[in-house]
There are 4 protein chains.
Amino acid sequence: MGRKPIKEIRHGELIDAAIKAIHQHGYAAVTIIQIAREADTAAGSIHYYFGSKEGLLGATMRRLLNILRDATLERLADATGPRERLIAMAQSNFDNKFFSIEQCSVWTQFWANAPYEDALARLHKINRARVRSNFRAELKLLLPPEEREVARRALQAYMDGVWLQAAQASKQLDPPEERRQVKKVIDRLLMD
Amino acid sequence: MGRKPIKEIRHGELIDAAIKAIHQHGYAAVTIIQIAREADTAAGSIHYYFGSKEGLLGATMRRLLNILRDATLERLADATGPRERLIAMAQSNFDNKFFSIEQCSVWTQFWANAPYEDALARLHKINRARVRSNFRAELKLLLPPEEREVARRALQAYMDGVWLQAAQASKQLDPPEERRQVKKVIDRLLMD
Amino acid sequence: MGRKPIKEIRHGELIDAAIKAIHQHGYAAVTIIQIAREADTAAGSIHYYFGSKEGLLGATMRRLLNILRDATLERLADATGPRERLIAMAQSNFDNKFFSIEQCSVWTQFWANAPYEDALARLHKINRARVRSNFRAELKLLLPPEEREVARRALQAYMDGVWLQAAQASKQLDPPEERRQVKKVIDRLLMD
Amino acid sequence: MGRKPIKEIRHGELIDAAIKAIHQHGYAAVTIIQIAREADTAAGSIHYYFGSKEGLLGATMRRLLNILRDATLERLADATGPRERLIAMAQSNFDNKFFSIEQCSVWTQFWANAPYEDALARLHKINRARVRSNFRAELKLLLPPEEREVARRALQAYMDGVWLQAAQASKQLDPPEERRQVKKVIDRLLMD
DNA sequence: TATGAATGAGGATTCATTCAT
DNA sequence: AATGAATGAATCCTCATTCAT
């Protein structure tokens, strides 16, 4: 089997460097040079591969979205029944592959900057709508109408809040514990 | 009698302008000139009154924290019993004086940028610790030990999540409705 | 009587510097720093006053067009009859105020770069159309129909050619002699 | 027989591409990549074959000069008498092989950039001197001394002017018509 | 008290050139 | 013979800050 083309490899490396650099300096403040230094390459390379700073940051965002989406699909494959599906979706946000300080940090940065950049706003909006409709579909089968939105907003906000905290954590994150916690929250929100 | 000194008036005007400008351009991207234009004055004035861009942004942050703290104290004055106190504290986050798109936007921006600026980090940490301990004090009287932290984290994250959403709202916010919502969430989280 | 506002003075200085720098390095190759050095100021000032390099170059072009137009109007004021008017218009191209190496050089540069910049193309087109229609108006009264265009094209091309040569001259130009020369050419083109 | 060596073929292709690209972007603004794309090859090839960007542009210039010189020689071969020779030389500037928008465009670009590049300046100077002395030689036999230079300058300037116009033409050029025109101009300049 | 002209460090980006393949 | 990945110098531009007025 053929190996990965150079282009793909470098894309991956540069996106990794971007995640590190955004985590360290913030989305709006990070410079091409900081990212290049992190990737141990020249600033020009980033333009060679992504055309512009914006191009790299967009690709980085899409990478994160894909990781999250894949984690969700994987967990959903094993879930039966609305309650399990709800838990699976919520827990995928704290998947080992996604719930790291760096990625939460970048996620938060993207979010905070979405209002000021169209490309980000679009991605953010799409992702948010997807999660909302997924949650609603399951909650419909679990709670009476007047309770559903309260629970959904609480759950969605909970996940946002945990990410935000994680982005500023001083010690290592604990994804499995976080998955237990979100399950408890769901238990509480679904109580009759 | 005795009107406000000019210095204080200008400070207020410039902080108001900073809030508007940060909301429009983002914390990291906003420029001295944008703020000055919003305040209908010259860029030099900001340095005259605040010494630096950082000085103004710090003062702006403190202003928001004060508004929030005052709203909390005011509501707590009328609250009796732990449940009422918990609701009062939570609802103060959605007080008419505080819960506007502009202020939520700036609040979110401060938060997202706290990891990259010491002054912000300090303020953010203090505020967060205050809220946490306040919540804990009341929850101690309302829930068994093993349930308290789940509820507290859920509640605190809920408020963060609502602010984040509010910062990106396209239509006018509805503070009273938001206060009703948070009460429902608390009801659910406190269910036995 | 009030003195010129600072803004106007600096505009003039910077345009003068731009003319010198374009003459030395060429329109497409000249840099903001070269112009700034020529004006004995910082590169930032040019952006402060003109917004961009393009802004300054556009203003420089308009300045040259105005000098030429003013010289034409001045000479036309004293001219009576079509022949004198034709000579006046042609000679204004070699007016003392306009016909210097530096200005011919910049003029040539603008012209050569017009195909690649809309702003330049527009100005160039307008100016060219103006000269053409002026020439035609007078030639109509001086030559039979089938001869007019040949003469007009020859005359217009002659002026372009002299400018082009002047731009590359190694010794000082001689505007009065050039005005005598163009008169001779006109004499020849108008021979019956 | 024996076909052209690859080296020569590639040289030709790259020069053709350079002419197209210079016409499209201007001499000073054109990039190696634009030329390479036009030649459907990689940027590295140009350095492989010409050593540098400057090398290719110089070769392109020499190519144009050769085309013009060949056209002149060809036409001179058939011309008898000074008047016919003068016409032949003038008309060769508008030969079918030379008088195209692209080539006029590049010609103009070379000319405008000659003052800023030694290699170009040298070629330009040589060519100009050649034309001048050729014209003078024939005019000596056609006009009295005091009229020769006026006519020569007018004729040389006319050709420059027509090229300059042609470089910016929006519709297809008409070489035969242009040759008729220049003959009329010569008729007029040679009138006694 | 307030202005805005001026500066210069630092940003994103472009591009000729080199070189390993 | 030809490629295109990689570099880094150079360019335009932005912006906080200073300071004379």
# chains A, B, ... in the order shown; residues from 1 in each chain; ligands from 1

$ select_by_dssp --residues "stretch 46-172 of chain C" --states "alpha helix (DSSP H)" --output "CSV table (one decimal) with N, CA and C atoms, in the first residue's frame"
chain,number,residue,atom,x,y,z
C,46,ILE,N,3.0,58.0,5.0
C,46,ILE,CA,2.4,57.9,3.7
C,46,ILE,C,1.0,57.3,3.8
C,47,HIS,N,0.9,56.2,4.6
C,47,HIS,CA,-0.3,55.6,4.9
C,47,HIS,C,-1.3,56.5,5.7
C,48,TYR,N,-0.7,57.3,6.5
C,48,TYR,CA,-1.5,58.2,7.3
C,48,TYR,C,-2.1,59.2,6.4
C,49,TYR,N,-1.4,59.7,5.4
C,49,TYR,CA,-1.9,60.8,4.6
C,49,TYR,C,-2.7,60.3,3.3
C,50,PHE,N,-2.3,59.1,2.8
C,50,PHE,CA,-2.9,58.7,1.6
C,50,PHE,C,-3.6,57.3,1.7
C,53,LYS,N,-0.3,53.0,-0.7
C,53,LYS,CA,0.6,53.3,-1.8
C,53,LYS,C,-0.2,53.7,-3.0
C,54,GLU,N,-1.2,52.9,-3.4
C,54,GLU,CA,-2.0,53.3,-4.5
C,54,GLU,C,-2.6,54.7,-4.4
C,55,GLY,N,-3.0,55.0,-3.2
C,55,GLY,CA,-3.6,56.3,-3.0
C,55,GLY,C,-2.6,57.4,-3.3
C,56,LEU,N,-1.4,57.3,-2.9
C,56,LEU,CA,-0.4,58.3,-3.2
C,56,LEU,C,-0.1,58.4,-4.7
C,57,LEU,N,0.1,57.2,-5.3
C,57,LEU,CA,0.4,57.2,-6.7
C,57,LEU,C,-0.8,57.8,-7.6
C,58,GLY,N,-2.0,57.5,-7.1
C,58,GLY,CA,-3.1,58.1,-7.8
C,58,GLY,C,-3.1,59.6,-7.7
C,59,ALA,N,-2.8,60.1,-6.5
C,59,ALA,CA,-2.8,61.5,-6.3
C,59,ALA,C,-1.6,62.2,-7.1
C,60,THR,N,-0.5,61.5,-7.2
C,60,THR,CA,0.6,62.0,-8.0
C,60,THR,C,0.2,62.1,-9.5
C,61,MET,N,-0.5,61.1,-10.0
C,61,MET,CA,-0.9,61.1,-11.4
C,61,MET,C,-1.9,62.3,-11.6
C,62,ARG,N,-2.8,62.5,-10.7
C,62,ARG,CA,-3.8,63.6,-10.8
C,62,ARG,C,-3.1,64.9,-10.8
C,63,ARG,N,-2.0,65.0,-10.0
C,63,ARG,CA,-1.3,66.3,-9.9
C,63,ARG,C,-0.7,66.6,-11.3
C,64,LEU,N,-0.1,65.6,-11.9
C,64,LEU,CA,0.5,65.8,-13.2
C,64,LEU,C,-0.5,66.2,-14.2
C,65,LEU,N,-1.6,65.6,-14.2
C,65,LEU,CA,-2.7,65.9,-15.2
C,65,LEU,C,-3.2,67.4,-14.9
C,66,ASN,N,-3.2,67.8,-13.7
C,66,ASN,CA,-3.7,69.1,-13.4
C,66,ASN,C,-2.7,70.2,-13.9
C,67,ILE,N,-1.4,69.9,-13.7
C,67,ILE,CA,-0.4,70.8,-14.2
C,67,ILE,C,-0.5,70.9,-15.7
C,68,LEU,N,-0.7,69.8,-16.4
C,68,LEU,CA,-0.8,69.9,-17.8
C,68,LEU,C,-2.0,70.6,-18.3
C,69,ARG,N,-3.1,70.3,-17.6
C,69,ARG,CA,-4.4,71.0,-18.0
C,69,ARG,C,-4.3,72.5,-17.8
C,70,ASP,N,-3.7,72.9,-16.6
C,70,ASP,CA,-3.6,74.3,-16.4
C,70,ASP,C,-2.7,75.0,-17.4
C,71,ALA,N,-1.6,74.3,-17.8
C,71,ALA,CA,-0.7,74.9,-18.8
C,71,ALA,C,-1.5,75.1,-20.1
C,72,THR,N,-2.3,74.1,-20.4
C,72,THR,CA,-3.0,74.2,-21.7
C,72,THR,C,-4.0,75.4,-21.6
C,73,LEU,N,-4.8,75.4,-20.6
C,73,LEU,CA,-5.8,76.5,-20.5
C,73,LEU,C,-5.1,77.9,-20.5
C,74,GLU,N,-4.0,78.0,-19.8
C,74,GLU,CA,-3.3,79.3,-19.8
C,74,GLU,C,-2.9,79.7,-21.2
C,75,ARG,N,-2.3,78.8,-22.0
C,75,ARG,CA,-1.9,79.1,-23.3
C,75,ARG,C,-3.0,79.3,-24.3
C,76,LEU,N,-4.1,78.6,-24.1
C,76,LEU,CA,-5.3,78.7,-24.9
C,76,LEU,C,-5.9,80.1,-24.8
C,77,ALA,N,-5.8,80.7,-23.6
C,77,ALA,CA,-6.4,82.0,-23.3
C,77,ALA,C,-5.8,83.1,-24.2
C,82,PRO,N,-7.7,78.9,-35.2
C,82,PRO,CA,-7.5,77.5,-35.1
C,82,PRO,C,-6.0,77.1,-35.1
C,83,ARG,N,-5.3,77.7,-35.9
C,83,ARG,CA,-3.9,77.4,-36.0
C,83,ARG,C,-3.1,77.7,-34.7
C,84,GLU,N,-3.4,78.9,-34.2
C,84,GLU,CA,-2.8,79.3,-33.0
C,84,GLU,C,-3.2,78.4,-31.8
C,85,ARG,N,-4.5,78.1,-31.9
C,85,ARG,CA,-5.0,77.2,-30.8
C,85,ARG,C,-4.3,75.8,-30.8
C,86,LEU,N,-4.2,75.3,-32.0
C,86,LEU,CA,-3.5,74.0,-32.2
C,86,LEU,C,-2.1,74.1,-31.6
C,87,ILE,N,-1.4,75.2,-32.0
C,87,ILE,CA,0.0,75.3,-31.6
C,87,ILE,C,0.0,75.5,-30.0
C,88,ALA,N,-0.9,76.3,-29.5
C,88,ALA,CA,-1.0,76.5,-28.1
C,88,ALA,C,-1.1,75.2,-27.3
C,89,MET,N,-2.0,74.4,-27.8
C,89,MET,CA,-2.3,73.1,-27.1
C,89,MET,C,-1.1,72.2,-27.2
C,90,ALA,N,-0.5,72.1,-28.4
C,90,ALA,CA,0.7,71.3,-28.5
C,90,ALA,C,1.9,71.8,-27.7
C,91,GLN,N,2.1,73.1,-27.7
C,91,GLN,CA,3.2,73.6,-27.0
C,91,GLN,C,3.0,73.5,-25.4
C,92,SER,N,1.8,73.5,-25.0
C,92,SER,CA,1.6,73.4,-23.5
C,92,SER,C,2.2,72.0,-23.0
C,101,ILE,N,12.7,66.4,-16.9
C,101,ILE,CA,13.0,64.9,-17.0
C,101,ILE,C,12.1,64.1,-16.0
C,102,GLU,N,12.1,64.6,-14.8
C,102,GLU,CA,11.4,63.9,-13.8
C,102,GLU,C,9.9,63.7,-14.1
C,103,GLN,N,9.3,64.8,-14.6
C,103,GLN,CA,7.8,64.7,-14.8
C,103,GLN,C,7.6,63.9,-16.1
C,104,CYS,N,8.4,64.0,-17.1
C,104,CYS,CA,8.2,63.1,-18.3
C,104,CYS,C,8.4,61.7,-17.9
C,105,SER,N,9.4,61.4,-17.1
C,105,SER,CA,9.6,60.1,-16.6
C,105,SER,C,8.4,59.5,-16.0
C,106,VAL,N,7.8,60.2,-15.0
C,106,VAL,CA,6.7,59.7,-14.3
C,106,VAL,C,5.5,59.5,-15.3
C,107,TRP,N,5.4,60.5,-16.1
C,107,TRP,CA,4.3,60.5,-17.1
C,107,TRP,C,4.4,59.2,-18.0
C,108,THR,N,5.6,58.9,-18.4
C,108,THR,CA,5.8,57.7,-19.2
C,108,THR,C,5.5,56.4,-18.4
C,109,GLN,N,5.9,56.4,-17.1
C,109,GLN,CA,5.7,55.3,-16.3
C,109,GLN,C,4.2,55.1,-16.1
C,110,PHE,N,3.5,56.1,-15.8
C,110,PHE,CA,2.0,56.0,-15.6
C,110,PHE,C,1.4,55.4,-16.8
C,111,TRP,N,1.8,55.9,-17.9
C,111,TRP,CA,1.3,55.4,-19.2
C,111,TRP,C,1.5,53.9,-19.4
C,112,ALA,N,2.8,53.5,-19.2
C,112,ALA,CA,3.2,52.1,-19.5
C,112,ALA,C,2.4,51.2,-18.5
C,113,ASN,N,2.1,51.7,-17.3
C,113,ASN,CA,1.4,50.9,-16.3
C,113,ASN,C,-0.1,51.0,-16.4
C,118,ASP,N,-6.5,49.8,-13.0
C,118,ASP,CA,-7.8,50.4,-13.4
C,118,ASP,C,-7.7,52.0,-13.2
C,119,ALA,N,-7.3,52.4,-12.0
C,119,ALA,CA,-7.3,53.8,-11.7
C,119,ALA,C,-6.5,54.6,-12.8
C,120,LEU,N,-5.3,54.0,-13.1
C,120,LEU,CA,-4.5,54.7,-14.1
C,120,LEU,C,-5.1,54.6,-15.5
C,121,ALA,N,-5.7,53.5,-15.8
C,121,ALA,CA,-6.3,53.3,-17.1
C,121,ALA,C,-7.4,54.4,-17.3
C,122,ARG,N,-8.2,54.6,-16.3
C,122,ARG,CA,-9.2,55.6,-16.4
C,122,ARG,C,-8.7,57.0,-16.6
C,123,LEU,N,-7.8,57.4,-15.8
C,123,LEU,CA,-7.2,58.7,-16.0
C,123,LEU,C,-6.6,58.9,-17.4
C,124,HIS,N,-5.9,57.9,-17.8
C,124,HIS,CA,-5.2,57.9,-19.0
C,124,HIS,C,-6.1,58.0,-20.2
C,125,LYS,N,-7.2,57.3,-20.1
C,125,LYS,CA,-8.2,57.3,-21.2
C,125,LYS,C,-8.9,58.7,-21.3
C,126,ILE,N,-9.2,59.2,-20.1
C,126,ILE,CA,-9.9,60.5,-20.1
C,126,ILE,C,-9.0,61.5,-20.8
C,127,ASN,N,-7.7,61.6,-20.3
C,127,ASN,CA,-6.8,62.6,-20.8
C,127,ASN,C,-6.6,62.4,-22.3
C,128,ARG,N,-6.4,61.2,-22.7
C,128,ARG,CA,-6.2,61.0,-24.2
C,128,ARG,C,-7.4,61.4,-25.0
C,129,ALA,N,-8.6,61.1,-24.5
C,129,ALA,CA,-9.8,61.5,-25.3
C,129,ALA,C,-9.9,63.0,-25.4
C,130,ARG,N,-9.6,63.7,-24.3
C,130,ARG,CA,-9.6,65.1,-24.2
C,130,ARG,C,-8.7,65.7,-25.3
C,131,VAL,N,-7.5,65.3,-25.3
C,131,VAL,CA,-6.5,65.8,-26.3
C,131,VAL,C,-7.0,65.5,-27.7
C,132,ARG,N,-7.4,64.3,-27.9
C,132,ARG,CA,-7.9,63.9,-29.3
C,132,ARG,C,-9.0,64.8,-29.8
C,133,SER,N,-10.0,65.0,-28.9
C,133,SER,CA,-11.1,65.8,-29.4
C,133,SER,C,-10.7,67.3,-29.6
C,134,ASN,N,-9.8,67.8,-28.7
C,134,ASN,CA,-9.3,69.2,-28.9
C,134,ASN,C,-8.6,69.3,-30.2
C,135,PHE,N,-7.7,68.4,-30.5
C,135,PHE,CA,-7.0,68.4,-31.8
C,135,PHE,C,-8.0,68.4,-33.0
C,136,ARG,N,-8.9,67.4,-32.9
C,136,ARG,CA,-9.8,67.3,-34.0
C,136,ARG,C,-10.6,68.6,-34.3
C,137,ALA,N,-11.0,69.2,-33.2
C,137,ALA,CA,-11.8,70.4,-33.4
C,137,ALA,C,-11.1,71.5,-34.2
C,138,GLU,N,-9.8,71.6,-33.9
C,138,GLU,CA,-9.1,72.6,-34.6
C,138,GLU,C,-8.7,72.2,-36.0
C,139,LEU,N,-8.3,70.9,-36.2
C,139,LEU,CA,-7.9,70.4,-37.5
C,139,LEU,C,-9.1,70.4,-38.5
C,145,PRO,N,-11.1,66.7,-44.9
C,145,PRO,CA,-11.4,65.5,-44.1
C,145,PRO,C,-10.4,64.4,-44.2
C,146,GLU,N,-10.0,64.0,-45.4
C,146,GLU,CA,-9.2,62.8,-45.5
C,146,GLU,C,-7.8,63.0,-45.0
C,147,GLU,N,-7.4,64.2,-44.6
C,147,GLU,CA,-6.0,64.5,-44.1
C,147,GLU,C,-6.0,64.6,-42.6
C,148,ARG,N,-7.2,64.9,-42.0
C,148,ARG,CA,-7.2,65.3,-40.6
C,148,ARG,C,-6.6,64.2,-39.7
C,149,GLU,N,-7.1,63.0,-39.9
C,149,GLU,CA,-6.7,62.0,-38.9
C,149,GLU,C,-5.2,61.6,-39.0
C,150,VAL,N,-4.7,61.7,-40.3
C,150,VAL,CA,-3.3,61.4,-40.4
C,150,VAL,C,-2.5,62.4,-39.6
C,151,ALA,N,-2.9,63.7,-39.8
C,151,ALA,CA,-2.2,64.7,-39.1
C,151,ALA,C,-2.3,64.6,-37.6
C,152,ARG,N,-3.6,64.4,-37.2
C,152,ARG,CA,-3.8,64.3,-35.7
C,152,ARG,C,-3.0,63.2,-35.1
C,153,ARG,N,-3.1,62.0,-35.7
C,153,ARG,CA,-2.3,60.9,-35.1
C,153,ARG,C,-0.9,61.2,-35.1
C,154,ALA,N,-0.4,61.8,-36.2
C,154,ALA,CA,1.0,62.1,-36.3
C,154,ALA,C,1.4,63.1,-35.2
C,155,LEU,N,0.6,64.1,-35.0
C,155,LEU,CA,0.9,65.1,-34.0
C,155,LEU,C,0.9,64.5,-32.5
C,156,GLN,N,-0.2,63.7,-32.3
C,156,GLN,CA,-0.4,63.2,-30.9
C,156,GLN,C,0.8,62.2,-30.7
C,157,ALA,N,1.1,61.4,-31.7
C,157,ALA,CA,2.2,60.4,-31.5
C,157,ALA,C,3.5,61.2,-31.3
C,158,TYR,N,3.7,62.3,-32.0
C,158,TYR,CA,4.9,63.1,-31.9
C,158,TYR,C,5.1,63.5,-30.4
C,159,MET,N,4.1,64.0,-29.8
C,159,MET,CA,4.2,64.4,-28.4
C,159,MET,C,4.6,63.3,-27.5
C,160,ASP,N,3.9,62.2,-27.7
C,160,ASP,CA,4.2,61.0,-26.9
C,160,ASP,C,5.6,60.6,-27.1
C,161,GLY,N,6.1,60.6,-28.3
C,161,GLY,CA,7.4,60.2,-28.6
C,161,GLY,C,8.5,61.1,-27.9
C,162,VAL,N,8.2,62.4,-28.0
C,162,VAL,CA,9.1,63.3,-27.4
C,162,VAL,C,9.2,63.1,-25.9
C,163,TRP,N,8.1,62.9,-25.3
C,163,TRP,CA,8.0,62.7,-23.8
C,163,TRP,C,8.8,61.4,-23.5
C,164,LEU,N,8.6,60.4,-24.3
C,164,LEU,CA,9.3,59.1,-24.0
C,164,LEU,C,10.8,59.3,-24.1
C,165,GLN,N,11.2,60.1,-25.1
C,165,GLN,CA,12.6,60.3,-25.2
C,165,GLN,C,13.1,61.2,-24.0
C,166,ALA,N,12.4,62.2,-23.7
C,166,ALA,CA,12.8,63.1,-22.6
C,166,ALA,C,12.9,62.3,-21.3
C,167,ALA,N,12.1,61.3,-21.1
C,167,ALA,CA,12.2,60.5,-19.9
C,167,ALA,C,13.5,59.8,-19.7

$ residues_around --residues "stretch 3-17 of chain A" --least-positions-apart "6" --cutoff "6 Å" --atoms "only C-alpha atoms (C1' of nucleotides)" --output "list of chain:residue names"
A:Ile35, A:Glu38, A:Ala39, A:Thr60

$ write_last_selection --atoms "C-alpha atoms" --output "PDB file, in the first residue's frame"
ATOM      1  CA  ILE A  35       2.879  28.631  13.979  1.00  0.00           C
ATOM      2  CA  GLU A  38       6.042  25.413  16.242  1.00  0.00           C
ATOM      3  CA  ALA A  39       6.142  23.349  13.038  1.00  0.00           C
ATOM      4  CA  THR A  60      -7.674  23.563  11.546  1.00  0.00           C
TER       5      THR A  60
END

$ closest_atom_pairs --of "chain E" --to "chain B" --cutoff "9 Å" --atoms "only C-alpha atoms (C1' of nucleotides)" --output "Markdown table"
| residue | atom | partner | partner_atom | distance |
| --- | --- | --- | --- | --- |
| E:DA2 | C1' | B:Ser45 | CA | 6.6 |
| E:DT3 | C1' | B:Ala42 | CA | 6.5 |
| E:DG4 | C1' | B:Ala42 | CA | 7.3 |

$ residues_around --residues "C:Phe94" --least-positions-apart "3" --cutoff "9 Å" --atoms "only C-alpha atoms (C1' of nucleotides)" --output "list in words"
Ala90, Gln91, Lys97, Phe98, Phe99, Ser100, Met159, Trp163, Asp174, Pro175, Pro176, Glu178, Arg179 and Val182 of chain C

$ atom_distance --atom1 "atom CA of A:Lys183" --atom2 "atom CA of B:Asn93"
26.3 Å

$ interface_residues --of "chain F" --to "chain D" --cutoff "9 Å" --atoms "only C-alpha atoms (C1' of nucleotides)" --output "list in words"
DA2, DT3 and DG4 of chain F

$ write_last_selection --atoms "N, CA and C atoms (P, O5', C5', C4', C3', O3' and C1' of nucleotides)" --output "short mmCIF file (atom, residue, chain, number, x, y, z; two decimals), in the first residue's frame"
data_model
loop_
_atom_site.label_atom_id
_atom_site.label_comp_id
_atom_site.auth_asym_id
_atom_site.auth_seq_id
_atom_site.Cartn_x
_atom_site.Cartn_y
_atom_site.Cartn_z
P DA F 2 12.94 18.98 -20.42
"O5'" DA F 2 12.57 18.89 -18.87
"C5'" DA F 2 11.93 17.70 -18.41
"C4'" DA F 2 11.50 17.88 -16.98
"C3'" DA F 2 10.87 19.22 -16.64
"O3'" DA F 2 9.51 18.96 -16.35
"C1'" DA F 2 12.42 18.51 -14.98
P DT F 3 8.54 20.04 -15.79
"O5'" DT F 3 8.58 19.75 -14.24
"C5'" DT F 3 8.32 18.41 -13.81
"C4'" DT F 3 8.53 18.33 -12.32
"C3'" DT F 3 7.77 19.40 -11.53
"O3'" DT F 3 6.75 18.73 -10.81
"C1'" DT F 3 10.01 19.11 -10.75
P DG F 4 5.40 19.49 -10.48
"O5'" DG F 4 5.64 19.85 -8.95
"C5'" DG F 4 6.13 18.86 -8.05
"C4'" DG F 4 6.71 19.56 -6.85
"C3'" DG F 4 5.94 20.82 -6.41
"O3'" DG F 4 6.08 21.02 -5.01
"C1'" DG F 4 8.11 21.41 -6.86
#

$ residues_around --residues "A:Arg188" --least-positions-apart "4" --cutoff "9 Å" --atoms "only C-alpha atoms (C1' of nucleotides)" --output "compact mmCIF listing (two decimals) with C-alpha atoms, in the first residue's frame"
# COMPACT_ATOMS: atom_id res chain seq x y z
CA LYS A 183 -23.91 10.93 32.48
CA LYS A 184 -24.87 12.02 35.98
CA ASP A 192 -39.26 12.31 36.18
CA ALA B 151 -25.38 20.29 40.33
CA ARG B 188 -34.71 20.27 37.93
CA LEU B 189 -31.22 20.15 39.39
CA LEU B 190 -32.58 20.27 42.93
CA MET B 191 -35.18 17.55 42.43

$ atom_distance --atom1 "atom CA of D:Ala114" --atom2 "atom CA of C:Ala21"
16.0 Å

$ closest_atom_pairs --of "chain E" --to "stretch 7-20 of chain F" --cutoff "9 Å" --atoms "only C-alpha atoms (C1' of nucleotides)" --output "tab-separated table"
residue	atom	partner	partner_atom	distance
E:DA6	C1'	F:DT18	C1'	8.8
E:DT7	C1'	F:DT18	C1'	8.3
E:DG11	C1'	F:DT14	C1'	7.8
E:DT13	C1'	F:DT11	C1'	8.4
E:DT14	C1'	F:DT11	C1'	7.9
E:DT17	C1'	F:DT7	C1'	8.9
E:DT18	C1'	F:DT7	C1'	8.4

$ write_last_selection --atoms "N, CA and C atoms (P, O5', C5', C4', C3', O3' and C1' of nucleotides)" --output "mmCIF file, in the first residue's frame"
data_model
loop_
_atom_site.group_PDB
_atom_site.id
_atom_site.type_symbol
_atom_site.label_atom_id
_atom_site.label_comp_id
_atom_site.auth_asym_id
_atom_site.auth_seq_id
_atom_site.Cartn_x
_atom_site.Cartn_y
_atom_site.Cartn_z
ATOM 1 P P DA E 6 3.225 65.273 10.139
ATOM 2 O "O5'" DA E 6 3.997 64.111 10.900
ATOM 3 C "C5'" DA E 6 4.837 64.462 12.002
ATOM 4 C "C4'" DA E 6 5.388 63.209 12.627
ATOM 5 C "C3'" DA E 6 5.905 62.171 11.629
ATOM 6 O "O3'" DA E 6 7.315 62.057 11.801
ATOM 7 C "C1'" DA E 6 4.570 61.167 13.351
ATOM 8 P P DT E 7 8.149 61.005 11.004
ATOM 9 O "O5'" DT E 7 8.208 59.789 12.008
ATOM 10 C "C5'" DT E 7 8.610 60.040 13.354
ATOM 11 C "C4'" DT E 7 8.498 58.774 14.176
ATOM 12 C "C3'" DT E 7 9.162 57.556 13.511
ATOM 13 O "O3'" DT E 7 10.171 57.076 14.380
ATOM 14 C "C1'" DT E 7 6.986 57.033 14.333
ATOM 15 P P DG E 11 4.721 40.043 15.269
ATOM 16 O "O5'" DG E 11 3.678 39.904 14.076
ATOM 17 C "C5'" DG E 11 2.324 40.293 14.289
ATOM 18 C "C4'" DG E 11 1.650 40.514 12.956
ATOM 19 C "C3'" DG E 11 1.824 39.373 11.958
ATOM 20 O "O3'" DG E 11 0.715 38.502 12.008
ATOM 21 C "C1'" DG E 11 2.162 41.520 10.928
ATOM 22 P P DT E 13 -2.246 36.337 4.963
ATOM 23 O "O5'" DT E 13 -1.255 36.726 3.788
ATOM 24 C "C5'" DT E 13 -1.334 38.034 3.225
ATOM 25 C "C4'" DT E 13 -0.201 38.236 2.251
ATOM 26 C "C3'" DT E 13 0.029 37.086 1.268
ATOM 27 O "O3'" DT E 13 -0.287 37.577 -0.026
ATOM 28 C "C1'" DT E 13 2.077 37.950 2.121
ATOM 29 P P DT E 14 -0.159 36.586 -1.290
ATOM 30 O "O5'" DT E 14 1.235 37.039 -1.925
ATOM 31 C "C5'" DT E 14 1.482 38.423 -2.093
ATOM 32 C "C4'" DT E 14 2.826 38.605 -2.754
ATOM 33 C "C3'" DT E 14 3.083 37.641 -3.918
ATOM 34 O "O3'" DT E 14 3.696 38.403 -4.938
ATOM 35 C "C1'" DT E 14 4.805 37.442 -2.332
ATOM 36 P P DT E 17 16.191 35.340 -9.672
ATOM 37 O "O5'" DT E 17 16.610 34.136 -8.730
ATOM 38 C "C5'" DT E 17 17.019 34.425 -7.384
ATOM 39 C "C4'" DT E 17 17.132 33.155 -6.590
ATOM 40 C "C3'" DT E 17 17.863 31.996 -7.301
ATOM 41 O "O3'" DT E 17 19.042 31.717 -6.559
ATOM 42 C "C1'" DT E 17 15.952 31.246 -6.132
ATOM 43 P P DT E 18 20.094 30.666 -7.122
ATOM 44 O "O5'" DT E 18 19.931 29.461 -6.090
ATOM 45 C "C5'" DT E 18 19.752 29.754 -4.718
ATOM 46 C "C4'" DT E 18 19.427 28.485 -3.950
ATOM 47 C "C3'" DT E 18 20.227 27.255 -4.393
ATOM 48 O "O3'" DT E 18 20.666 26.581 -3.225
ATOM 49 C "C1'" DT E 18 17.919 26.787 -4.495
#

$ closest_residue --among "D:Lys20, D:Lys171, D:Arg180, D:His25" --to "chain C" --atoms "only C-alpha atoms"
D:His25

$ atom_distance --atom1 "atom CA of C:Asp95" --atom2 "atom CA of C:Gln168"
18.1 Å
